[in-house]
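Raw structure27.tsv, TSV, C-alpha atoms and all ligand atoms:
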chain	number	residue	atom	x	y	z
A	90	MET	CA	8.68	-38.23	12.72
A	91	GLY	CA	7.40	-40.35	15.48
A	92	ILE	CA	6.98	-43.97	16.49
A	93	THR	CA	9.47	-46.50	15.17
A	94	THR	CA	7.32	-49.69	15.35
A	95	ASN	CA	6.58	-49.79	11.61
A	96	ILE	CA	10.21	-49.52	10.67
A	97	GLU	CA	12.31	-52.52	9.69
A	98	ASP	CA	14.51	-53.72	12.55
A	99	ASP	CA	17.86	-52.84	10.96
A	100	LYS	CA	16.73	-49.26	10.34
A	101	LYS	CA	15.30	-48.62	13.80
A	102	GLU	CA	18.56	-47.33	15.21
A	103	LEU	CA	18.93	-44.88	12.33
A	104	ALA	CA	15.32	-43.77	12.73
A	105	LYS	CA	15.90	-43.07	16.43
A	106	LYS	CA	18.94	-40.96	15.60
A	107	VAL	CA	16.94	-38.99	13.07
A	108	GLN	CA	14.24	-38.38	15.68
A	109	ARG	CA	16.84	-37.20	18.17
A	110	LEU	CA	18.22	-34.75	15.64
A	111	ALA	CA	14.72	-33.50	14.93
A	112	ARG	CA	14.18	-32.85	18.63
A	113	LEU	CA	17.36	-30.79	18.64
A	114	GLY	CA	15.90	-28.60	15.91
A	115	VAL	CA	17.90	-30.04	13.02
A	116	ARG	CA	16.06	-30.61	9.77
A	117	LEU	CA	17.06	-33.07	7.07
A	118	LEU	CA	16.09	-32.13	3.56
A	119	ASP	CA	16.30	-34.11	0.33
A	120	SER	CA	18.85	-32.60	-1.97
A	121	SER	CA	18.30	-32.47	-5.73
A	122	LYS	CA	21.95	-33.46	-6.12
A	123	GLY	CA	21.34	-36.64	-4.18
A	124	GLY	CA	22.02	-37.15	-0.49
A	125	VAL	CA	20.68	-35.19	2.42
A	126	VAL	CA	21.04	-31.56	3.46
A	127	VAL	CA	21.35	-31.02	7.21
A	128	MET	CA	19.87	-27.75	8.39
A	129	ASN	CA	20.03	-26.46	11.92
A	130	GLU	CA	16.80	-24.55	12.43
A	131	ALA	CA	18.39	-22.44	15.10
A	132	GLU	CA	20.60	-20.99	12.39
A	133	SER	CA	18.02	-21.26	9.64
A	134	SER	CA	19.00	-20.14	6.16
A	135	LEU	CA	15.55	-18.59	5.99
A	136	VAL	CA	16.64	-16.23	8.74
A	137	SER	CA	19.67	-15.15	6.71
A	138	GLU	CA	17.40	-14.70	3.73
A	139	VAL	CA	15.08	-12.53	5.79
A	140	LYS	CA	18.02	-10.46	7.00
A	141	GLU	CA	19.24	-10.07	3.45
A	142	LYS	CA	15.86	-9.02	2.16
A	143	LEU	CA	15.00	-6.64	4.98
A	144	ASP	CA	16.72	-3.93	2.99
A	145	LYS	CA	14.52	-4.61	-0.03
A	146	ASP	CA	11.24	-3.99	1.77
A	147	PRO	CA	10.27	-0.40	0.85
A	148	LEU	CA	7.88	-0.04	3.79
A	149	LEU	CA	10.47	-1.16	6.27
A	150	LEU	CA	13.09	1.11	4.73
A	151	GLU	CA	10.78	4.07	5.04
A	152	LEU	CA	10.05	3.14	8.63
A	153	LYS	CA	13.72	2.85	9.43
A	154	THR	CA	14.40	6.24	7.85
A	155	ASN	CA	11.71	7.82	9.99
A	156	VAL	CA	12.96	6.14	13.11
A	157	HIS	CA	16.37	7.58	12.34
A	158	LYS	CA	14.89	11.06	12.38
A	159	GLN	CA	13.84	10.64	15.97
A	160	LYS	CA	16.21	11.19	18.82
A	161	VAL	CA	15.09	9.32	21.88
A	162	ASP	CA	17.93	8.09	24.03
A	163	GLU	CA	19.68	6.59	20.99
A	164	LEU	CA	16.85	4.08	20.82
A	165	GLN	CA	16.74	4.28	17.06
A	166	GLU	CA	20.29	2.94	16.69
A	167	ARG	CA	19.52	0.12	19.06
A	168	ILE	CA	16.32	-0.72	17.21
A	169	VAL	CA	17.95	-0.83	13.82
A	170	GLU	CA	20.74	-2.89	15.30
A	171	GLU	CA	18.11	-5.20	16.71
A	172	ALA	CA	16.44	-5.43	13.32
A	173	HIS	CA	19.64	-6.58	11.69
A	174	ARG	CA	20.52	-9.03	14.39
A	175	CYS	CA	17.10	-10.54	14.12
A	176	ARG	CA	17.38	-14.16	14.15
A	177	TYR	CA	15.10	-13.24	16.66
A	178	THR	CA	11.96	-11.48	15.82
A	179	VAL	CA	8.76	-10.44	17.72
A	180	THR	CA	5.69	-8.85	16.27
A	181	LEU	CA	3.77	-6.95	18.88
A	182	ARG	CA	0.62	-8.61	17.64
A	183	MET	CA	2.04	-11.84	18.93
A	184	LEU	CA	1.66	-10.62	22.46
A	185	GLU	CA	-1.89	-11.89	22.31
A	186	ARG	CA	-0.76	-15.40	21.71
A	187	PRO	CA	-0.49	-17.42	24.91
A	188	ASP	CA	1.92	-19.90	23.38
A	189	CYS	CA	4.89	-17.89	22.27
A	190	ARG	CA	6.78	-20.97	21.17
A	191	LYS	CA	4.55	-21.09	18.15
A	192	LEU	CA	5.02	-17.56	16.97
A	193	GLU	CA	4.02	-16.89	13.43
A	194	VAL	CA	6.15	-14.21	11.99
A	195	ALA	CA	3.90	-12.29	9.68
A	196	GLY	CA	5.87	-9.56	7.96
A	197	ALA	CA	4.27	-6.87	5.89
A	198	ALA	CA	6.38	-7.90	2.94
A	199	LYS	CA	3.83	-10.43	1.81
A	200	GLY	CA	5.06	-13.67	3.19
A	201	LEU	CA	8.72	-12.79	3.08
A	202	TYR	CA	9.12	-13.18	6.81
A	203	LYS	CA	6.61	-15.94	7.23
A	204	CYS	CA	8.29	-18.57	9.31
A	205	SER	CA	8.07	-20.17	12.70
A	206	GLY	CA	10.33	-18.88	15.38
A	207	SER	CA	11.51	-19.83	18.79
A	208	SER	CA	10.29	-18.22	21.99
A	209	THR	CA	12.81	-15.43	21.52
A	210	SER	CA	11.72	-14.68	17.99
A	211	THR	CA	10.87	-11.20	16.91
A	212	SER	CA	9.84	-9.79	13.59
A	213	PHE	CA	9.39	-6.30	12.34
A	214	ARG	CA	6.08	-5.40	10.84
A	215	SER	CA	6.23	-2.43	8.57
A	216	SER	CA	2.73	-1.55	9.68
A	217	TYR	CA	3.96	-0.63	13.15
A	218	THR	CA	3.54	2.90	14.25
A	219	HIS	CA	6.80	4.58	15.15
A	220	ARG	CA	5.79	4.45	18.76
A	221	GLN	CA	5.33	0.68	18.67
A	222	TYR	CA	8.62	0.36	16.84
A	223	LEU	CA	10.36	2.34	19.54
A	224	TRP	CA	9.08	0.01	22.19
A	225	LEU	CA	10.61	-3.17	20.92
A	226	PRO	CA	13.87	-2.94	22.86
A	227	ALA	CA	11.96	-2.12	26.04
A	228	LEU	CA	9.81	-5.18	25.59
A	229	LEU	CA	12.76	-7.40	24.96
A	230	ASN	CA	15.01	-6.25	27.75
A	231	ALA	CA	15.59	-7.62	31.20
A	232	GLY	CA	14.55	-11.13	30.24
A	233	LYS	CA	10.87	-10.28	30.29
A	234	SER	CA	9.06	-12.88	28.27
A	235	VAL	CA	6.64	-11.64	25.68
A	236	ASN	CA	3.55	-13.33	27.06
A	237	MET	CA	4.22	-11.96	30.52
A	238	VAL	CA	4.03	-8.50	29.08
A	239	GLY	CA	0.80	-9.38	27.32
A	240	GLU	CA	-1.08	-10.14	30.48
A	241	LYS	CA	0.23	-7.33	32.53
A	242	VAL	CA	-1.95	-4.32	31.80
A	243	VAL	CA	-5.72	-4.30	32.28
A	244	ILE	CA	-7.40	-1.21	30.84
A	245	VAL	CA	-10.93	-0.47	31.99
A	246	PHE	CA	-12.97	2.04	30.00
A	247	ASP	CA	-16.13	3.69	31.16
A	248	PHE	CA	-18.27	4.13	28.04
A	249	ASP	CA	-20.37	7.32	28.02
A	250	ARG	CA	-18.31	10.54	27.82
A	251	THR	CA	-15.15	8.47	28.08
A	252	LEU	CA	-14.91	5.96	25.27
A	253	ILE	CA	-17.51	7.94	23.32
A	254	ASP	CA	-17.64	11.70	23.64
A	255	ASP	CA	-21.41	11.73	24.09
A	256	ASP	CA	-23.84	9.87	26.33
A	257	SER	CA	-25.44	6.95	24.47
A	258	ASP	CA	-28.69	7.06	26.48
A	259	ARG	CA	-29.17	10.75	25.84
A	260	TRP	CA	-28.18	10.30	22.20
A	261	VAL	CA	-31.04	7.84	21.63
A	262	VAL	CA	-33.50	9.96	23.65
A	263	GLU	CA	-32.68	13.12	21.70
A	264	ASN	CA	-32.33	11.59	18.26
A	265	MET	CA	-35.42	9.40	18.44
A	266	GLY	CA	-37.81	12.09	19.66
A	267	LEU	CA	-38.12	11.04	23.31
A	268	THR	CA	-36.90	14.22	25.03
A	269	HIS	CA	-40.31	15.36	26.22
A	270	LEU	CA	-41.34	12.04	27.75
A	271	PHE	CA	-37.87	11.58	29.20
A	272	ASN	CA	-38.02	14.93	31.02
A	273	GLN	CA	-41.51	14.11	32.27
A	274	LEU	CA	-40.55	10.72	33.72
A	275	ARG	CA	-37.01	11.57	34.89
A	276	PRO	CA	-38.04	12.48	38.47
A	277	THR	CA	-40.14	9.35	38.87
A	278	LEU	CA	-37.87	6.48	37.80
A	279	PRO	CA	-34.31	5.34	38.47
A	280	TRP	CA	-32.12	5.81	35.37
A	281	ASN	CA	-31.96	2.16	34.43
A	282	ALA	CA	-35.73	1.66	34.63
A	283	LEU	CA	-36.27	4.94	32.82
A	284	MET	CA	-34.22	3.76	29.84
A	285	ASP	CA	-36.18	0.52	29.72
A	286	ARG	CA	-39.35	2.62	29.72
A	287	MET	CA	-37.95	4.67	26.81
A	288	MET	CA	-37.48	1.46	24.82
A	289	GLU	CA	-41.07	0.53	25.55
A	290	GLU	CA	-42.11	3.89	24.17
A	291	LEU	CA	-40.11	3.42	20.98
A	292	HIS	CA	-41.68	-0.01	20.52
A	293	SER	CA	-45.17	1.36	20.97
A	294	GLN	CA	-44.39	3.94	18.28
A	295	GLY	CA	-43.47	1.13	15.91
A	296	LYS	CA	-39.71	1.84	16.01
A	297	THR	CA	-37.65	-1.31	15.55
A	298	VAL	CA	-34.45	-2.51	17.20
A	299	GLU	CA	-32.75	-2.04	13.80
A	300	GLN	CA	-33.76	1.63	13.82
A	301	ILE	CA	-32.30	2.04	17.31
A	302	ALA	CA	-29.10	0.41	16.06
A	303	GLU	CA	-28.96	2.79	13.09
A	304	CYS	CA	-29.33	5.73	15.47
A	305	LEU	CA	-26.48	4.39	17.65
A	306	LYS	CA	-24.19	3.99	14.64
A	307	GLN	CA	-24.30	7.77	14.21
A	308	VAL	CA	-22.66	8.32	17.62
A	309	PRO	CA	-19.28	9.89	16.83
A	310	LEU	CA	-16.08	8.35	18.16
A	311	HIS	CA	-12.92	10.42	18.34
A	312	PRO	CA	-10.43	9.00	15.80
A	313	ARG	CA	-7.61	9.18	18.35
A	314	THR	CA	-9.69	7.23	20.86
A	315	ILE	CA	-10.14	4.58	18.17
A	316	SER	CA	-6.41	4.43	17.47
A	317	ALA	CA	-5.62	4.39	21.22
A	318	ILE	CA	-7.85	1.35	21.68
A	319	GLN	CA	-6.34	-0.42	18.68
A	320	SER	CA	-2.77	0.30	19.81
A	321	ALA	CA	-3.43	-0.81	23.39
A	322	HIS	CA	-4.98	-4.00	22.08
A	323	ASP	CA	-2.11	-4.60	19.64
A	324	LEU	CA	0.32	-4.16	22.51
A	325	GLY	CA	-1.32	-7.04	24.31
A	326	CYS	CA	-3.25	-5.13	26.98
A	327	ASP	CA	-6.48	-6.65	28.28
A	328	LEU	CA	-9.24	-4.15	27.49
A	329	LYS	CA	-12.62	-4.10	29.20
A	330	VAL	CA	-15.64	-1.82	29.22
A	331	VAL	CA	-17.41	-1.30	32.55
A	332	SER	CA	-20.44	0.89	31.97
A	333	ASP	CA	-23.86	1.87	33.21
A	334	ALA	CA	-25.14	2.07	29.61
A	335	ASN	CA	-26.23	-1.32	28.26
A	336	GLN	CA	-25.04	-4.30	26.23
A	337	PHE	CA	-27.02	-3.49	23.10
A	338	TYR	CA	-25.84	0.13	22.83
A	339	ILE	CA	-22.20	-0.60	23.57
A	340	LYS	CA	-21.95	-3.66	21.35
A	341	THR	CA	-23.65	-1.89	18.45
A	342	ILE	CA	-21.35	1.14	18.64
A	343	LEU	CA	-18.12	-0.82	19.18
A	344	LYS	CA	-18.94	-3.24	16.36
A	345	HIS	CA	-19.78	-0.40	14.01
A	346	HIS	CA	-16.31	1.06	14.57
A	347	GLY	CA	-14.57	-2.33	14.36
A	348	LEU	CA	-13.51	-2.17	18.01
A	349	TYR	CA	-15.61	-4.86	19.62
A	350	ARG	CA	-12.91	-7.49	19.00
A	351	CYS	CA	-10.45	-5.39	21.04
A	352	PHE	CA	-12.33	-5.94	24.30
A	353	SER	CA	-12.21	-9.10	26.34
A	354	GLU	CA	-15.34	-8.13	28.28
A	355	VAL	CA	-18.18	-5.61	28.27
A	356	ILE	CA	-19.60	-5.47	31.77
A	357	THR	CA	-22.82	-3.51	31.81
A	358	ASN	CA	-26.60	-3.69	32.14
A	359	PRO	CA	-27.83	-6.70	30.16
A	360	THR	CA	-30.36	-6.40	27.34
A	361	SER	CA	-32.60	-8.70	25.36
A	362	VAL	CA	-35.15	-8.39	22.59
A	363	ASP	CA	-38.49	-9.85	23.63
A	364	GLY	CA	-40.90	-11.87	21.48
A	365	GLU	CA	-42.54	-8.70	20.20
A	366	GLY	CA	-39.26	-7.15	19.12
A	367	ARG	CA	-39.00	-4.71	22.02
A	368	LEU	CA	-35.55	-4.00	23.41
A	369	ARG	CA	-35.46	-4.63	27.15
A	370	ILE	CA	-32.80	-3.18	29.49
A	371	PHE	CA	-32.18	-4.86	32.85
A	372	PRO	CA	-30.10	-3.89	35.88
A	373	TYR	CA	-26.64	-5.45	36.17
A	374	HIS	CA	-27.05	-6.26	39.87
A	375	ASP	CA	-30.10	-8.00	41.21
A	376	MET	CA	-32.28	-5.12	42.46
A	377	THR	CA	-33.94	-7.25	45.13
A	378	SER	CA	-30.74	-7.36	47.17
A	379	PHE	CA	-28.89	-4.08	47.66
A	380	HIS	CA	-25.20	-4.36	46.80
A	381	GLY	CA	-24.38	-2.27	49.86
A	382	CYS	CA	-22.37	0.52	48.21
A	383	ARG	CA	-23.57	4.01	48.96
A	384	LEU	CA	-21.45	5.62	46.26
A	385	CYS	CA	-23.11	3.78	43.40
A	386	PRO	CA	-26.57	3.51	41.83
A	387	PRO	CA	-28.53	0.38	42.91
A	388	ASN	CA	-28.30	-1.30	39.50
A	389	LEU	CA	-24.49	-1.22	39.21
A	390	CYS	CA	-21.57	-0.82	41.61
A	391	LYS	CA	-18.50	-0.59	39.38
A	392	GLY	CA	-16.30	-0.95	42.46
A	393	LEU	CA	-17.65	-4.45	43.02
A	394	VAL	CA	-16.95	-5.22	39.38
A	395	ILE	CA	-13.33	-4.04	39.73
A	396	GLU	CA	-12.90	-6.15	42.87
A	397	GLN	CA	-14.17	-9.18	40.96
A	398	ILE	CA	-11.73	-8.52	38.11
A	399	GLN	CA	-8.88	-8.07	40.61
A	400	ALA	CA	-9.80	-11.32	42.34
A	401	SER	CA	-9.84	-13.18	39.02
A	402	MET	CA	-6.26	-12.16	38.23
A	403	SER	CA	-3.51	-14.65	38.89
A	404	GLU	CA	-1.43	-14.02	42.00
A	405	LYS	CA	1.80	-14.76	40.16
A	406	ARG	CA	1.26	-12.33	37.36
A	407	LYS	CA	-0.10	-9.37	39.16
A	408	SER	CA	-1.88	-7.11	36.70
A	409	ARG	CA	-1.67	-3.36	36.64
A	410	PHE	CA	-4.85	-1.40	36.02
A	411	ILE	CA	-5.51	1.75	34.06
A	412	TYR	CA	-9.06	3.05	34.63
A	413	LEU	CA	-10.58	5.71	32.38
A	414	GLY	CA	-13.77	7.44	33.39
A	415	ASP	CA	-15.68	10.66	33.83
A	416	GLY	CA	-18.76	10.18	36.02
A	417	ARG	CA	-19.82	9.78	39.63
A	418	GLY	CA	-20.21	6.05	39.05
A	419	ASP	CA	-16.48	5.86	38.28
A	420	TYR	CA	-15.45	7.16	41.70
A	421	CYS	CA	-16.09	3.94	43.63
A	422	PRO	CA	-14.01	1.72	41.27
A	423	THR	CA	-11.07	4.15	41.25
A	424	LEU	CA	-10.89	3.92	45.05
A	425	LYS	CA	-10.45	0.14	44.68
A	426	LEU	CA	-7.31	0.56	42.57
A	427	ASP	CA	-3.95	-0.18	44.17
A	428	LYS	CA	-0.63	1.58	44.33
A	429	GLY	CA	0.99	1.19	40.92
A	430	ASP	CA	-2.37	1.40	39.13
A	431	HIS	CA	-3.47	4.49	37.23
A	432	VAL	CA	-6.72	6.40	36.94
A	433	MET	CA	-7.45	8.73	34.03
A	434	PRO	CA	-10.29	11.05	35.06
A	435	ARG	CA	-11.68	13.34	32.37
A	436	LYS	CA	-10.86	16.91	33.36
A	437	GLY	CA	-13.80	19.05	34.44
A	438	PHE	CA	-16.17	16.09	34.82
A	439	PRO	CA	-17.63	14.74	38.10
A	440	LEU	CA	-15.02	12.01	38.68
A	441	TRP	CA	-12.22	14.56	38.38
A	442	ASP	CA	-13.95	16.84	40.92
A	443	LEU	CA	-14.55	13.98	43.34
A	444	LEU	CA	-10.94	12.83	43.17
A	445	LEU	CA	-9.66	16.35	43.74
A	446	SER	CA	-11.87	16.71	46.81
A	447	ASP	CA	-9.67	14.27	48.74
A	448	LEU	CA	-6.64	12.91	46.91
A	449	ASN	CA	-5.56	11.01	50.04
A	450	LEU	CA	-8.30	8.46	49.41
A	451	LEU	CA	-6.73	7.45	46.11
A	452	LYS	CA	-3.93	4.89	46.03
A	453	ALA	CA	-3.51	4.92	42.25
A	454	ASP	CA	-1.79	7.72	40.32
A	455	SER	CA	-4.12	10.16	38.61
A	456	HIS	CA	-3.66	11.60	35.10
A	457	GLU	CA	-6.28	13.99	33.75
A	458	TRP	CA	-7.24	14.22	30.09
A	459	ARG	CA	-9.67	16.37	28.12
A	460	ASN	CA	-10.15	14.88	24.65
A	461	GLY	CA	-9.27	12.00	22.33
A	462	GLU	CA	-5.78	13.36	21.60
A	463	GLU	CA	-4.89	13.53	25.28
A	464	LEU	CA	-6.58	10.21	26.01
A	465	GLU	CA	-4.41	8.51	23.40
A	466	SER	CA	-1.10	10.10	24.31
A	467	ILE	CA	-1.51	9.64	28.07
A	468	LEU	CA	-2.81	6.10	27.79
A	469	LEU	CA	0.03	4.99	25.51
A	470	GLN	CA	2.61	6.70	27.71
A	471	LEU	CA	1.26	4.85	30.73
A	472	ILE	CA	1.35	1.48	28.97
A	473	GLU	CA	4.91	2.21	27.88
A	474	LYS	CA	5.87	3.19	31.42
A	475	ILE	CA	4.39	0.00	32.87
A	476	TYR	CA	6.12	-2.18	30.27
A	477	LYS	CA	9.45	-0.59	31.07
A	478	GLU	CA	9.13	-1.04	34.82
B	1	MG	MG	-19.30	8.02	31.78
B	2	ZN	ZN	-19.77	1.19	44.50
What's the structure tokens form of this structure?
Amino acid sequence: MGITTNIEDDKKELAKKVQRLARLGVRLLDSSKGGVVVMNEAESSLVSEVKEKLDKDPLLLELKTNVHKQKVDELQERIVEEAHRCRYTVTLRMLERPDCRKLEVAGAAKGLYKCSGSSTSTSFRSSYTHRQYLWLPALLNAGKSVNMVGEKVVIVFDFDRTLIDDDSDRWVVENMGLTHLFNQLRPTLPWNALMDRMMEELHSQGKTVEQIAECLKQVPLHPRTISAIQSAHDLGCDLKVVSDANQFYIKTILKHHGLYRCFSEVITNPTSVDGEGRLRIFPYHDMTSFHGCRLCPPNLCKGLVIEQIQASMSEKRKSRFIYLGDGRGDYCPTLKLDKGDHVMPRKGFPLWDLLLSDLNLLKADSHEWRNGEELESILLQLIEKIYKE
């Protein structure tokens, strides 16, 4: 419905009225019995149909049964109530969508719930984990709009010994036969230049970039770290990697595990493949001008990176940070975090020691973790806590 110029004069008034009704959300449908059916979208019959058929979706029924088994502040009753009042439906996946007025309700019941909703729409995906399911009321309360929630939490992952259990540089050195040369050159070169030199060595031995990629694909990732990343992403958090490894390593590993799409940015030492097929690794910061931070290596001050991310955030929608790391290079950025932010240092690793040495320097709250299980449970608890605040 739109412009009325092509409409005969005597029907223009009627056309305008129809347009007005359309703007109010009323739909006119042709009826097979002749005449017109008037349907108010706000009280769509599709919604009643969805409500009716919710009980026929085996996955949803199973989910509801399991939710009933849990006893958390009577949340389960409220959730099920919510599910049955849902004229109104939100899938958590929608949190990514900036325009929540165009929500697509994609139910697991193969198109059953597929419809457009209003800005207050919610739908229940049977593929939710119980934890996600339990969060729905929290997300919907207190008039918080869905897209506000989506932009609220920024999660920054260090890569080596945080996102992956191992160190990607050492992994390549050890698994591609470079240990001897590495140990020889270690005292003579800064880390970043040393890794570039290692790539030169591989190239001179005839090893290709594809072979390096194959080696990187063998790096194990803890399954709970994978699910933590996926859940945080599904919940609308903004995930970033800030690492002193390099673009090629990180991208290869994240892509191999299907996680690359979960990150809005990977901030690390850049790489390129030169004309001869040699992988080159460059410093993140220009080495000719010192960045001025004495806590960090010359090629990358993660604290500066965090300050840049903070500065890029909108004033109105102040973001909360969760920073996960293990190494010395993660100390500087954690000191840049504010009150209300969270740092997750890996227990027993250098960052954890440094933080313990003077907790007064830290404005953010600290939560230690040891492995993928703890990483996942603490991270998801923190996101939940922030969403509820
Ligand atoms: Mg690390
Ligand atoms: Zn620094």
> Got a sec to check which residues lie within 10 Å of ligand MG 1 (chain B), using all atoms listed in the file, and send them as a VMD selection string?
Replying inline: chain A and resid 246 to 257 331 to 334 413 to 419 435 438 to 440
Write out the residues from the selection above, keeping C-alpha atoms, as a PDB file, in the frame of the given file.
ATOM      1  CA  PHE A 246     -12.970   2.040  30.000  1.00  0.00           C
ATOM      2  CA  ASP A 247     -16.130   3.690  31.160  1.00  0.00           C
ATOM      3  CA  PHE A 248     -18.270   4.130  28.040  1.00  0.00           C
ATOM      4  CA  ASP A 249     -20.370   7.320  28.020  1.00  0.00           C
ATOM      5  CA  ARG A 250     -18.310  10.540  27.820  1.00  0.00           C
ATOM      6  CA  THR A 251     -15.150   8.470  28.080  1.00  0.00           C
ATOM      7  CA  LEU A 252     -14.910   5.960  25.270  1.00  0.00           C
ATOM      8  CA  ILE A 253     -17.510   7.940  23.320  1.00  0.00           C
ATOM      9  CA  ASP A 254     -17.640  11.700  23.640  1.00  0.00           C
ATOM     10  CA  ASP A 255     -21.410  11.730  24.090  1.00  0.00           C
ATOM     11  CA  ASP A 256     -23.840   9.870  26.330  1.00  0.00           C
ATOM     12  CA  SER A 257     -25.440   6.950  24.470  1.00  0.00           C
ATOM     13  CA  VAL A 331     -17.410  -1.300  32.550  1.00  0.00           C
ATOM     14  CA  SER A 332     -20.440   0.890  31.970  1.00  0.00           C
ATOM     15  CA  ASP A 333     -23.860   1.870  33.210  1.00  0.00           C
ATOM     16  CA  ALA A 334     -25.140   2.070  29.610  1.00  0.00           C
ATOM     17  CA  LEU A 413     -10.580   5.710  32.380  1.00  0.00           C
ATOM     18  CA  GLY A 414     -13.770   7.440  33.390  1.00  0.00           C
ATOM     19  CA  ASP A 415     -15.680  10.660  33.830  1.00  0.00           C
ATOM     20  CA  GLY A 416     -18.760  10.180  36.020  1.00  0.00           C
ATOM     21  CA  ARG A 417     -19.820   9.780  39.630  1.00  0.00           C
ATOM     22  CA  GLY A 418     -20.210   6.050  39.050  1.00  0.00           C
ATOM     23  CA  ASP A 419     -16.480   5.860  38.280  1.00  0.00           C
ATOM     24  CA  ARG A 435     -11.680  13.340  32.370  1.00  0.00           C
ATOM     25  CA  PHE A 438     -16.170  16.090  34.820  1.00  0.00           C
ATOM     26  CA  PRO A 439     -17.630  14.740  38.100  1.00  0.00           C
ATOM     27  CA  LEU A 440     -15.020  12.010  38.680  1.00  0.00           C
TER      28      LEU A 440
END
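In this comparison, which uses only C-alpha atoms and all ligand atoms, the residue of A:Trp280, A:Tyr338, A:Phe379, A:Tyr420 approaching ligand ZN 2 (chain B) most closely is A:Tyr420.
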> Within 6 Å of ligand ZN 2 (chain B), counting only C-alpha atoms and all ligand atoms, which protein or nucleic acid residues do you find, written as a list in words?
Replying inline: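 The residues near ligand ZN 2 (chain B) are Cys382, Leu384, Cys385, Cys390, Lys391, Gly392 and Cys421 of chain A.
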> At what distance in Å, to one decimal, does CA of His322 (chain A) lie from CA of Lys407 (chain A)?
Replying inline: 18.6 Å
> Closest to Leu443 (chain A) among A:Asp430, A:Ser466, A:Leu424, A:Lys306, using all atoms listed in the file?
Replying inline: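 Using all atoms listed in the file, Leu443 (chain A) sits closest to A:Leu424.
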>> Excluding Gln307 (chain A) and its own-chain neighbours fewer than 3 positions away, which residues fall within 10 Å of it when counting only C-alpha atoms? Please give them as a ChimeraX atom specification.
In response: /A:260,264,302-304,310,342,345
